file my_file_16.pdb (PDB, C-alpha atoms)
ATOM      1  CA  MET A   1     -18.586  38.669 -20.917
ATOM      2  CA  LYS A   2     -16.540  39.005 -17.755
ATOM      3  CA  ASP A   3     -19.687  38.822 -15.605
ATOM      4  CA  GLN A   4     -20.850  35.762 -17.524
ATOM      5  CA  LYS A   5     -17.502  34.038 -16.971
ATOM      6  CA  ARG A   6     -17.608  34.897 -13.281
ATOM      7  CA  TYR A   7     -21.129  33.520 -13.042
ATOM      8  CA  SER A   8     -20.039  30.352 -14.861
ATOM      9  CA  ASN A   9     -17.195  29.815 -12.395
ATOM     10  CA  LYS A  10     -19.548  30.275  -9.460
ATOM     11  CA  THR A  11     -21.965  27.798 -10.996
ATOM     12  CA  LYS A  12     -19.191  25.259 -11.321
ATOM     13  CA  ALA A  13     -18.221  25.871  -7.704
ATOM     14  CA  ALA A  14     -21.828  25.390  -6.660
ATOM     15  CA  PHE A  15     -22.062  22.063  -8.497
ATOM     16  CA  ILE A  16     -18.834  20.917  -6.856
ATOM     17  CA  LEU A  17     -20.331  21.805  -3.490
ATOM     18  CA  LEU A  18     -23.435  19.833  -4.369
ATOM     19  CA  ILE A  19     -21.306  16.796  -5.163
ATOM     20  CA  VAL A  20     -19.438  17.194  -1.860
ATOM     21  CA  MET A  21     -22.759  17.503  -0.056
ATOM     22  CA  LEU A  22     -23.991  14.305  -1.679
ATOM     23  CA  ILE A  23     -20.845  12.430  -0.645
ATOM     24  CA  ILE A  24     -21.159  13.697   2.929
ATOM     25  CA  LEU A  25     -24.831  12.783   2.997
ATOM     26  CA  LEU A  26     -24.131   9.229   1.843
ATOM     27  CA  GLY A  27     -21.291   8.951   4.344
ATOM     28  CA  ASN A  28     -23.564  10.219   7.085
ATOM     29  CA  PHE A  29     -26.264   7.646   6.394
ATOM     30  CA  ASN A  30     -23.645   4.904   6.187
ATOM     31  CA  THR A  31     -22.055   5.974   9.500
ATOM     32  CA  LEU A  32     -25.359   6.120  11.329
ATOM     33  CA  ARG A  33     -26.482   2.781   9.890
ATOM     34  CA  ASN A  34     -23.203   1.070  10.825
ATOM     35  CA  SER A  35     -23.173   2.517  14.323
ATOM     36  CA  LYS A  36     -26.736   1.349  14.894
ATOM     37  CA  ASN A  37     -25.907  -2.119  13.605
ATOM     38  CA  VAL A  38     -22.864  -2.366  15.869
ATOM     39  CA  ASN A  39     -24.864  -1.190  18.843
ATOM     40  CA  ASP A  40     -27.715  -3.611  18.116
ATOM     41  CA  ASN A  41     -25.343  -6.538  17.632
ATOM     42  CA  ILE A  42     -23.385  -5.930  20.822
ATOM     43  CA  ASN A  43     -26.556  -5.405  22.809
ATOM     44  CA  ALA A  44     -27.844  -8.673  21.393
ATOM     45  CA  ILE A  45     -24.689 -10.406  22.635
ATOM     46  CA  TYR A  46     -25.142  -8.840  26.049
ATOM     47  CA  LYS A  47     -28.749 -10.016  26.178
ATOM     48  CA  ASP A  48     -27.510 -13.441  25.149
ATOM     49  CA  ARG A  49     -25.205 -13.317  28.163
ATOM     50  CA  LEU A  50     -28.201 -12.667  30.365
ATOM     51  CA  VAL A  51     -29.630 -15.908  29.000
ATOM     52  CA  VAL A  52     -26.332 -17.571  29.880
ATOM     53  CA  ALA A  53     -26.660 -16.239  33.432
ATOM     54  CA  HIS A  54     -30.031 -17.983  33.656
ATOM     55  CA  TYR A  55     -28.475 -21.237  32.467
ATOM     56  CA  ILE A  56     -25.712 -20.905  35.042
ATOM     57  CA  PHE A  57     -28.335 -20.452  37.750
ATOM     58  CA  GLN A  58     -30.062 -23.644  36.593
ATOM     59  CA  TYR A  59     -26.740 -25.501  36.538
ATOM     60  CA  SER A  60     -25.954 -24.313  40.049
ATOM     61  CA  LYS A  61     -29.359 -25.376  41.350
ATOM     62  CA  GLU A  62     -29.033 -28.903  39.943
ATOM     63  CA  LEU A  63     -25.431 -29.341  41.092
ATOM     64  CA  HIS A  64     -26.269 -28.262  44.635
ATOM     65  CA  PHE A  65     -28.954 -30.928  44.594
ATOM     66  CA  ILE A  66     -26.503 -33.594  43.379
ATOM     67  CA  LYS A  67     -23.960 -32.603  46.017
ATOM     68  CA  ALA A  68     -26.577 -32.697  48.751
ATOM     69  CA  GLU A  69     -27.849 -36.103  47.621
ATOM     70  CA  ALA A  70     -24.336 -37.547  47.449
ATOM     71  CA  GLU A  71     -23.602 -36.384  51.010
ATOM     72  CA  LYS A  72     -26.762 -37.880  52.546
ATOM     73  CA  LEU A  73     -25.954 -40.799  54.785
ATOM     74  CA  ASN A  74     -29.515 -42.004  55.391
ATOM     75  CA  LEU A  75     -30.342 -42.431  51.707
ATOM     76  CA  SER A  76     -30.016 -45.725  49.872
ATOM     77  CA  ASP A  77     -27.569 -46.073  47.018
ATOM     78  CA  VAL A  78     -30.344 -46.977  44.581
ATOM     79  CA  ILE A  79     -32.330 -43.797  45.317
ATOM     80  CA  LYS A  80     -29.164 -41.673  45.208
ATOM     81  CA  LYS A  81     -28.197 -43.123  41.865
ATOM     82  CA  ASP A  82     -31.636 -42.658  40.296
ATOM     83  CA  GLU A  83     -32.025 -39.067  41.506
ATOM     84  CA  ILE A  84     -28.517 -38.051  40.440
ATOM     85  CA  ILE A  85     -28.943 -39.640  37.002
ATOM     86  CA  GLN A  86     -32.244 -37.776  36.507
ATOM     87  CA  THR A  87     -30.577 -34.528  37.571
ATOM     88  CA  LEU A  88     -27.677 -35.142  35.183
ATOM     89  CA  ASP A  89     -30.210 -35.526  32.353
ATOM     90  CA  ILE A  90     -31.540 -32.066  33.186
ATOM     91  CA  ILE A  91     -27.975 -30.706  33.141
ATOM     92  CA  HIS A  92     -27.255 -32.319  29.779
ATOM     93  CA  ASN A  93     -30.377 -30.678  28.325
ATOM     94  CA  ILE A  94     -29.050 -27.315  29.475
ATOM     95  CA  ASP A  95     -25.708 -28.135  27.844
ATOM     96  CA  ASP A  96     -27.296 -28.081  24.393
ATOM     97  CA  LEU A  97     -28.870 -24.672  25.022
ATOM     98  CA  TYR A  98     -25.716 -23.241  26.546
ATOM     99  CA  ALA A  99     -23.565 -24.380  23.630
ATOM    100  CA  LYS A 100     -25.750 -22.353  21.226
ATOM    101  CA  THR A 101     -25.044 -19.065  23.016
ATOM    102  CA  VAL A 102     -22.231 -16.637  22.162
ATOM    103  CA  LEU A 103     -19.095 -17.585  24.086
ATOM    104  CA  THR A 104     -15.641 -16.056  24.039
ATOM    105  CA  ASP A 105     -12.572 -18.298  23.947
ATOM    106  CA  LYS A 106     -12.031 -17.825  27.682
ATOM    107  CA  GLU A 107     -15.646 -18.680  28.486
ATOM    108  CA  LYS A 108     -15.472 -21.759  26.271
ATOM    109  CA  GLN A 109     -12.378 -22.888  28.158
ATOM    110  CA  TYR A 110     -14.210 -22.728  31.493
ATOM    111  CA  PHE A 111     -17.313 -24.298  30.010
ATOM    112  CA  ASP A 112     -15.241 -27.242  28.773
ATOM    113  CA  ALA A 113     -13.816 -27.612  32.289
ATOM    114  CA  PHE A 114     -17.345 -27.594  33.661
ATOM    115  CA  LEU A 115     -18.388 -30.328  31.208
ATOM    116  CA  LEU A 116     -15.441 -32.458  32.331
ATOM    117  CA  SER A 117     -16.590 -32.159  35.946
ATOM    118  CA  CYS A 118     -20.083 -33.244  34.954
ATOM    119  CA  LYS A 119     -18.636 -36.127  32.974
ATOM    120  CA  GLU A 120     -16.686 -37.183  36.058
ATOM    121  CA  ILE A 121     -19.883 -37.101  38.139
ATOM    122  CA  ASN A 122     -21.612 -39.282  35.571
ATOM    123  CA  LYS A 123     -18.693 -41.709  35.669
ATOM    124  CA  GLN A 124     -18.685 -41.966  39.472
ATOM    125  CA  VAL A 125     -22.435 -42.585  39.662
ATOM    126  CA  GLU A 126     -21.993 -46.040  38.154
ATOM    127  CA  SER A 127     -19.423 -46.949  40.801
ATOM    128  CA  LYS A 128     -21.506 -45.233  43.517
ATOM    129  CA  ASN A 129     -18.528 -43.238  44.706
ATOM    130  CA  TRP A 130     -20.507 -40.563  46.559
ATOM    131  CA  ASN A 131     -17.488 -38.775  48.012
ATOM    132  CA  LYS A 132     -15.978 -38.181  44.582
ATOM    133  CA  ILE A 133     -19.380 -37.109  43.248
ATOM    134  CA  ALA A 134     -19.665 -34.525  46.031
ATOM    135  CA  PHE A 135     -16.120 -33.334  45.295
ATOM    136  CA  SER A 136     -16.706 -33.108  41.527
ATOM    137  CA  SER A 137     -19.960 -31.236  42.163
ATOM    138  CA  ALA A 138     -18.113 -28.699  44.308
ATOM    139  CA  GLU A 139     -15.485 -28.273  41.581
ATOM    140  CA  ALA A 140     -18.173 -27.783  38.963
ATOM    141  CA  LEU A 141     -19.832 -25.122  41.131
ATOM    142  CA  LYS A 142     -16.525 -23.265  41.471
ATOM    143  CA  THR A 143     -16.096 -23.359  37.694
ATOM    144  CA  LEU A 144     -19.613 -22.013  37.271
ATOM    145  CA  GLU A 145     -18.850 -19.141  39.624
ATOM    146  CA  SER A 146     -15.736 -18.221  37.641
ATOM    147  CA  LEU A 147     -17.630 -18.583  34.378
ATOM    148  CA  SER A 148     -20.370 -16.304  35.639
ATOM    149  CA  GLU A 149     -17.902 -13.586  36.640
ATOM    150  CA  ILE A 150     -16.103 -13.787  33.290
ATOM    151  CA  GLN A 151     -19.205 -13.603  31.130
ATOM    152  CA  ILE A 152     -20.641 -10.664  33.092
ATOM    153  CA  GLU A 153     -17.380  -8.695  32.952
ATOM    154  CA  GLU A 154     -16.896  -9.329  29.245
ATOM    155  CA  GLY A 155     -20.521  -8.536  28.537
ATOM    156  CA  LYS A 156     -20.283  -5.189  30.306
ATOM    157  CA  ALA A 157     -16.978  -4.399  28.594
ATOM    158  CA  LYS A 158     -18.375  -5.112  25.138
ATOM    159  CA  LEU A 159     -21.490  -3.100  25.881
ATOM    160  CA  ALA A 160     -19.363  -0.131  27.010
ATOM    161  CA  VAL A 161     -17.285  -0.309  23.806
ATOM    162  CA  ALA A 162     -20.440  -0.514  21.697
ATOM    163  CA  ASN A 163     -21.999   2.490  23.417
ATOM    164  CA  ALA A 164     -18.764   4.475  22.991
ATOM    165  CA  MET A 165     -18.666   3.623  19.276
ATOM    166  CA  TYR A 166     -22.306   4.538  18.910
ATOM    167  CA  SER A 167     -21.816   7.900  20.656
ATOM    168  CA  ARG A 168     -18.731   8.693  18.578
ATOM    169  CA  ASN A 169     -20.478   7.871  15.319
ATOM    170  CA  ASN A 170     -23.523   9.820  16.415
ATOM    171  CA  VAL A 171     -21.390  12.924  17.058
ATOM    172  CA  LEU A 172     -19.709  12.450  13.685
ATOM    173  CA  GLY A 173     -23.095  12.198  12.040
ATOM    174  CA  GLN A 174     -24.245  15.419  13.683
ATOM    175  CA  LEU A 175     -21.097  17.196  12.488
ATOM    176  CA  GLN A 176     -21.728  15.966   8.979
ATOM    177  CA  ILE A 177     -25.284  17.269   9.111
ATOM    178  CA  ALA A 178     -24.038  20.670  10.334
ATOM    179  CA  LEU A 179     -21.524  20.751   7.473
ATOM    180  CA  LEU A 180     -24.291  19.894   5.046
ATOM    181  CA  ILE A 181     -26.348  22.840   6.280
ATOM    182  CA  ILE A 182     -23.377  25.198   5.869
ATOM    183  CA  LEU A 183     -22.615  23.918   2.374
ATOM    184  CA  GLY A 184     -26.276  24.124   1.493
ATOM    185  CA  GLY A 185     -26.345  27.769   2.534
ATOM    186  CA  ILE A 186     -23.264  28.532   0.445
ATOM    187  CA  THR A 187     -24.712  26.707  -2.550
ATOM    188  CA  PHE A 188     -28.013  28.529  -2.207
ATOM    189  CA  TYR A 189     -26.168  31.856  -2.078
ATOM    190  CA  LEU A 190     -24.098  31.066  -5.168
ATOM    191  CA  LEU A 191     -26.957  29.715  -7.264
ATOM    192  CA  ILE A 192     -29.897  31.876  -6.203
ATOM    193  CA  VAL A 193     -28.871  35.052  -4.413
ATOM    194  CA  LYS A 194     -26.028  35.927  -6.758
ATOM    195  CA  LYS A 195     -28.220  35.219  -9.756
ATOM    196  CA  ILE A 196     -30.935  37.534  -8.454
ATOM    197  CA  LYS A 197     -28.402  40.277  -7.747
ATOM    198  CA  GLN A 198     -27.073  40.064 -11.292
ATOM    199  CA  LYS A 199     -30.568  40.472 -12.734
ATOM    200  CA  ILE A 200     -31.196  43.672 -10.800
ATOM    201  CA  LYS A 201     -29.960  46.636 -12.844
ATOM    202  CA  ILE A 202     -29.071  49.844 -11.066
ATOM    203  CA  PRO A 203     -30.700  52.738 -12.989
ATOM    204  CA  GLU A 204     -28.262  55.225 -14.378
ATOM    205  CA  PRO A 205     -28.552  58.851 -13.141
ATOM    206  CA  PRO A 206     -30.223  61.279 -15.608
ATOM    207  CA  SER A 207     -27.897  62.966 -17.998
ATOM    208  CA  MET A 208     -27.193  66.620 -17.316
ATOM    209  CA  ASN A 209     -26.640  67.289 -21.016
TER     210      ASN A 209
END

call {"tool": "encode", "arguments": {"input": "my_file_16.pdb", "output": "structure tokens"}}
result
Amino acid sequence: MKDQKRYSNKTKAAFILLIVMLIILLGNFNTLRNSKNVNDNINAIYKDRLVVAHYIFQYSKELHFIKAEAEKLNLSDVIKKDEIIQTLDIIHNIDDLYAKTVLTDKEKQYFDAFLLSCKEINKQVESKNWNKIAFSSAEALKTLESLSEIQIEEGKAKLAVANAMYSRNNVLGQLQIALLIILGGITFYLLIVKKIKQKIKIPEPPSMN
């Protein structure tokens, strides 16, 4: 009766361990899934920033052209106006694509400043004020340079945080797996090995009487 009670207690302990193992297993899958999602999302943002870098390059190319056209002395006003207007149309098309990317508050602030410079260029084209157009183009290029530095730095920072989170969760997941193996061994010992030992009867020595 005492052995049966002891076996019953060990069985209960084994079932408790099984429940703990199940909880750890579910937590492990959840941790790994979340860490992968975080890593994928942040990497997606970083890749999006690479797209932004391409847009900035296109902006810079078109603005350098506008600035160069505005500073030409041997070019008629009509040709200058037409070429700058066509280039501004290209810039406005990029605006729509750029606005759809992921921007932080700081980046949005600089992007708004850039749009104001472009708006000023568009305004001065009608009055054919080439000096102001050249100046506004230079200001827009400076804003683009600052915007480029900000988005690269923030992209790298977010990627570093994501990788750190992923590594930390990965280590936690490995620890959980190791704990599962240990608990599994204990459970196996309690349910199987102990049961086998109890079934083995040690033969009694022959009676001398």

call {"tool": "resolve_selection", "arguments": {"input": "my_file_16.pdb", "expression": "the PyMOL selection byres ((chain A and resi 125) around 12)", "output": "VMD selection string"}}
result
chain A and resid 66 to 67 69 to 70 77 to 88 118 to 124 126 to 134 136 to 137

call {"tool": "resolve_selection", "arguments": {"input": "my_file_16.pdb", "expression": "the PyMOL selection byres ((chain A and resi 110) around 12)", "output": "mmCIF file with C-alpha atoms, in the coordinates of the input"}}
result
data_model
loop_
_atom_site.group_PDB
_atom_site.id
_atom_site.type_symbol
_atom_site.label_atom_id
_atom_site.label_comp_id
_atom_site.auth_asym_id
_atom_site.auth_seq_id
_atom_site.Cartn_x
_atom_site.Cartn_y
_atom_site.Cartn_z
ATOM 1 C CA LEU A 103 -19.095 -17.585 24.086
ATOM 2 C CA THR A 104 -15.641 -16.056 24.039
ATOM 3 C CA ASP A 105 -12.572 -18.298 23.947
ATOM 4 C CA LYS A 106 -12.031 -17.825 27.682
ATOM 5 C CA GLU A 107 -15.646 -18.680 28.486
ATOM 6 C CA LYS A 108 -15.472 -21.759 26.271
ATOM 7 C CA GLN A 109 -12.378 -22.888 28.158
ATOM 8 C CA PHE A 111 -17.313 -24.298 30.010
ATOM 9 C CA ASP A 112 -15.241 -27.242 28.773
ATOM 10 C CA ALA A 113 -13.816 -27.612 32.289
ATOM 11 C CA PHE A 114 -17.345 -27.594 33.661
ATOM 12 C CA LEU A 115 -18.388 -30.328 31.208
ATOM 13 C CA LEU A 116 -15.441 -32.458 32.331
ATOM 14 C CA SER A 117 -16.590 -32.159 35.946
ATOM 15 C CA GLU A 139 -15.485 -28.273 41.581
ATOM 16 C CA ALA A 140 -18.173 -27.783 38.963
ATOM 17 C CA LEU A 141 -19.832 -25.122 41.131
ATOM 18 C CA LYS A 142 -16.525 -23.265 41.471
ATOM 19 C CA THR A 143 -16.096 -23.359 37.694
ATOM 20 C CA LEU A 144 -19.613 -22.013 37.271
ATOM 21 C CA GLU A 145 -18.850 -19.141 39.624
ATOM 22 C CA SER A 146 -15.736 -18.221 37.641
ATOM 23 C CA LEU A 147 -17.630 -18.583 34.378
ATOM 24 C CA SER A 148 -20.370 -16.304 35.639
ATOM 25 C CA GLU A 149 -17.902 -13.586 36.640
ATOM 26 C CA ILE A 150 -16.103 -13.787 33.290
ATOM 27 C CA GLN A 151 -19.205 -13.603 31.130
#

call {"tool": "resolve_selection", "arguments": {"input": "my_file_16.pdb", "expression": "the PyMOL selection byres ((chain A and resi 45) around 12)", "output": "list in words"}}
result
Val38, Asn39, Asp40, Asn41, Ile42, Asn43, Ala44, Tyr46, Lys47, Asp48, Arg49, Leu50, Val51, Val52, Thr101, Val102, Leu103, Thr104, Gln151, Ile152, Glu154, Gly155, Lys156, Ala157, Lys158, Leu159 and Ala162 of chain A

call {"tool": "closest_residue", "arguments": {"input": "my_file_16.pdb", "among": "A:Val171, A:Ala160, A:Ile91, A:Ile181", "to": "Lys61 (chain A)", "atoms": "only C-alpha atoms"}}
result
A:Ile91

call {"tool": "atom_distance", "arguments": {"input": "my_file_16.pdb", "atom1": "CA of Lys100 (chain A)", "atom2": "CA of Lys36 (chain A)"}}
result
24.6 Å

call {"tool": "axis_aligned_box", "arguments": {"input": "my_file_16.pdb", "around": "region 32-38 of chain A", "padding_each_side": "3 Å", "output": "JSON"}}
result
{"center_x": -24.8, "center_y": 1.9, "center_z": 12.9, "size_x": 9.9, "size_y": 14.5, "size_z": 12.0}

call {"tool": "atom_distance", "arguments": {"input": "my_file_16.pdb", "atom1": "CA of Ser35 (chain A)", "atom2": "CA of Asn169 (chain A)"}}
result
6.1 Å

call {"tool": "atom_distance", "arguments": {"input": "my_file_16.pdb", "atom1": "CA of Val20 (chain A)", "atom2": "CA of Leu179 (chain A)"}}
result
10.2 Å

call {"tool": "closest_residue", "arguments": {"input": "my_file_16.pdb", "among": "A:Phe15, A:Asn93, A:Ala164, A:Gln174", "to": "Tyr59 (chain A)", "atoms": "all atoms listed in the file"}}
result
A:Asn93

call {"tool": "decode", "arguments": {"input": "my_file_16.pdb", "residues": "region 83-178 of chain A", "atoms": "C-alpha atoms", "output": "PDB file, in the first residue's frame"}}
result
ATOM      1  CA  GLU A  83      12.974  71.887 -69.167  1.00  0.00           C
ATOM      2  CA  ILE A  84      12.594  72.809 -65.495  1.00  0.00           C
ATOM      3  CA  ILE A  85       8.831  72.215 -65.584  1.00  0.00           C
ATOM      4  CA  GLN A  86       9.372  68.774 -67.159  1.00  0.00           C
ATOM      5  CA  THR A  87      11.970  67.959 -64.503  1.00  0.00           C
ATOM      6  CA  LEU A  88       9.613  69.093 -61.738  1.00  0.00           C
ATOM      7  CA  ASP A  89       6.992  66.680 -63.107  1.00  0.00           C
ATOM      8  CA  ILE A  90       9.499  63.856 -62.695  1.00  0.00           C
ATOM      9  CA  ILE A  91      10.171  65.000 -59.117  1.00  0.00           C
ATOM     10  CA  HIS A  92       6.460  65.131 -58.316  1.00  0.00           C
ATOM     11  CA  ASN A  93       6.066  61.547 -59.563  1.00  0.00           C
ATOM     12  CA  ILE A  94       8.796  60.489 -57.152  1.00  0.00           C
ATOM     13  CA  ASP A  95       6.981  62.344 -54.366  1.00  0.00           C
ATOM     14  CA  ASP A  96       4.058  59.925 -54.561  1.00  0.00           C
ATOM     15  CA  LEU A  97       6.364  56.906 -54.308  1.00  0.00           C
ATOM     16  CA  TYR A  98       8.413  58.416 -51.509  1.00  0.00           C
ATOM     17  CA  ALA A  99       5.332  59.251 -49.450  1.00  0.00           C
ATOM     18  CA  LYS A 100       4.327  55.556 -49.455  1.00  0.00           C
ATOM     19  CA  THR A 101       7.564  54.451 -47.779  1.00  0.00           C
ATOM     20  CA  VAL A 102       8.099  54.076 -44.023  1.00  0.00           C
ATOM     21  CA  LEU A 103       9.255  57.386 -42.558  1.00  0.00           C
ATOM     22  CA  THR A 104      10.013  58.348 -38.985  1.00  0.00           C
ATOM     23  CA  ASP A 105       8.773  61.668 -37.607  1.00  0.00           C
ATOM     24  CA  LYS A 106      12.212  63.223 -38.078  1.00  0.00           C
ATOM     25  CA  GLU A 107      12.451  62.018 -41.675  1.00  0.00           C
ATOM     26  CA  LYS A 108       8.960  63.320 -42.405  1.00  0.00           C
ATOM     27  CA  GLN A 109       9.990  66.714 -41.055  1.00  0.00           C
ATOM     28  CA  TYR A 110      12.921  66.920 -43.477  1.00  0.00           C
ATOM     29  CA  PHE A 111      10.834  65.553 -46.319  1.00  0.00           C
ATOM     30  CA  ASP A 112       8.251  68.290 -45.748  1.00  0.00           C
ATOM     31  CA  ALA A 113      11.066  70.858 -45.863  1.00  0.00           C
ATOM     32  CA  PHE A 114      12.243  69.338 -49.125  1.00  0.00           C
ATOM     33  CA  LEU A 115       8.727  69.584 -50.591  1.00  0.00           C
ATOM     34  CA  LEU A 116       8.583  73.263 -49.629  1.00  0.00           C
ATOM     35  CA  SER A 117      11.827  73.892 -51.517  1.00  0.00           C
ATOM     36  CA  CYS A 118      10.412  72.167 -54.580  1.00  0.00           C
ATOM     37  CA  LYS A 119       7.225  74.182 -54.255  1.00  0.00           C
ATOM     38  CA  GLU A 120       9.314  77.352 -54.158  1.00  0.00           C
ATOM     39  CA  ILE A 121      11.132  76.281 -57.338  1.00  0.00           C
ATOM     40  CA  ASN A 122       7.802  75.692 -59.043  1.00  0.00           C
ATOM     41  CA  LYS A 123       6.630  79.132 -57.939  1.00  0.00           C
ATOM     42  CA  GLN A 124       9.746  80.905 -59.229  1.00  0.00           C
ATOM     43  CA  VAL A 125       9.583  79.201 -62.628  1.00  0.00           C
ATOM     44  CA  GLU A 126       6.501  81.215 -63.548  1.00  0.00           C
ATOM     45  CA  SER A 127       8.294  84.468 -62.743  1.00  0.00           C
ATOM     46  CA  LYS A 128      11.504  83.191 -64.395  1.00  0.00           C
ATOM     47  CA  ASN A 129      13.559  84.067 -61.350  1.00  0.00           C
ATOM     48  CA  TRP A 130      16.530  81.829 -62.170  1.00  0.00           C
ATOM     49  CA  ASN A 131      18.703  82.984 -59.278  1.00  0.00           C
ATOM     50  CA  LYS A 132      16.082  82.028 -56.707  1.00  0.00           C
ATOM     51  CA  ILE A 133      15.494  78.722 -58.504  1.00  0.00           C
ATOM     52  CA  ALA A 134      19.215  77.935 -58.287  1.00  0.00           C
ATOM     53  CA  PHE A 135      19.208  78.896 -54.599  1.00  0.00           C
ATOM     54  CA  SER A 136      16.104  76.816 -53.802  1.00  0.00           C
ATOM     55  CA  SER A 137      17.615  73.871 -55.682  1.00  0.00           C
ATOM     56  CA  ALA A 138      20.768  74.106 -53.571  1.00  0.00           C
ATOM     57  CA  GLU A 139      18.662  74.220 -50.398  1.00  0.00           C
ATOM     58  CA  ALA A 140      16.676  71.200 -51.517  1.00  0.00           C
ATOM     59  CA  LEU A 141      19.908  69.292 -52.183  1.00  0.00           C
ATOM     60  CA  LYS A 142      21.167  70.103 -48.681  1.00  0.00           C
ATOM     61  CA  THR A 143      17.891  68.840 -47.223  1.00  0.00           C
ATOM     62  CA  LEU A 144      18.224  65.658 -49.255  1.00  0.00           C
ATOM     63  CA  GLU A 145      21.727  65.110 -47.915  1.00  0.00           C
ATOM     64  CA  SER A 146      20.514  65.481 -44.328  1.00  0.00           C
ATOM     65  CA  LEU A 147      17.534  63.248 -45.038  1.00  0.00           C
ATOM     66  CA  SER A 148      19.792  60.586 -46.491  1.00  0.00           C
ATOM     67  CA  GLU A 149      22.062  60.585 -43.435  1.00  0.00           C
ATOM     68  CA  ILE A 150      19.096  60.382 -41.056  1.00  0.00           C
ATOM     69  CA  GLN A 151      17.342  57.520 -42.805  1.00  0.00           C
ATOM     70  CA  ILE A 152      20.543  55.466 -43.087  1.00  0.00           C
ATOM     71  CA  GLU A 153      21.450  55.970 -39.419  1.00  0.00           C
ATOM     72  CA  GLU A 154      17.953  55.142 -38.208  1.00  0.00           C
ATOM     73  CA  GLY A 155      17.756  52.160 -40.520  1.00  0.00           C
ATOM     74  CA  LYS A 156      21.006  50.730 -39.185  1.00  0.00           C
ATOM     75  CA  ALA A 157      19.956  51.417 -35.593  1.00  0.00           C
ATOM     76  CA  LYS A 158      16.631  49.638 -36.018  1.00  0.00           C
ATOM     77  CA  LEU A 159      18.307  46.722 -37.749  1.00  0.00           C
ATOM     78  CA  ALA A 160      20.816  46.400 -34.883  1.00  0.00           C
ATOM     79  CA  VAL A 161      17.988  46.406 -32.311  1.00  0.00           C
ATOM     80  CA  ALA A 162      16.074  43.805 -34.314  1.00  0.00           C
ATOM     81  CA  ASN A 163      19.103  41.531 -34.589  1.00  0.00           C
ATOM     82  CA  ALA A 164      19.773  41.889 -30.846  1.00  0.00           C
ATOM     83  CA  MET A 165      16.155  40.980 -30.055  1.00  0.00           C
ATOM     84  CA  TYR A 166      16.313  38.049 -32.421  1.00  0.00           C
ATOM     85  CA  SER A 167      19.552  36.748 -30.868  1.00  0.00           C
ATOM     86  CA  ARG A 168      18.191  37.149 -27.340  1.00  0.00           C
ATOM     87  CA  ASN A 169      14.977  35.322 -28.164  1.00  0.00           C
ATOM     88  CA  ASN A 170      16.922  32.638 -29.977  1.00  0.00           C
ATOM     89  CA  VAL A 171      19.086  32.023 -26.890  1.00  0.00           C
ATOM     90  CA  LEU A 172      15.959  31.930 -24.735  1.00  0.00           C
ATOM     91  CA  GLY A 173      14.418  29.417 -27.092  1.00  0.00           C
ATOM     92  CA  GLN A 174      17.493  27.203 -26.902  1.00  0.00           C
ATOM     93  CA  LEU A 175      17.398  27.332 -23.099  1.00  0.00           C
ATOM     94  CA  GLN A 176      13.760  26.340 -23.150  1.00  0.00           C
ATOM     95  CA  ILE A 177      14.545  23.398 -25.406  1.00  0.00           C
ATOM     96  CA  ALA A 178      17.358  22.296 -23.063  1.00  0.00           C
TER      97      ALA A 178
END
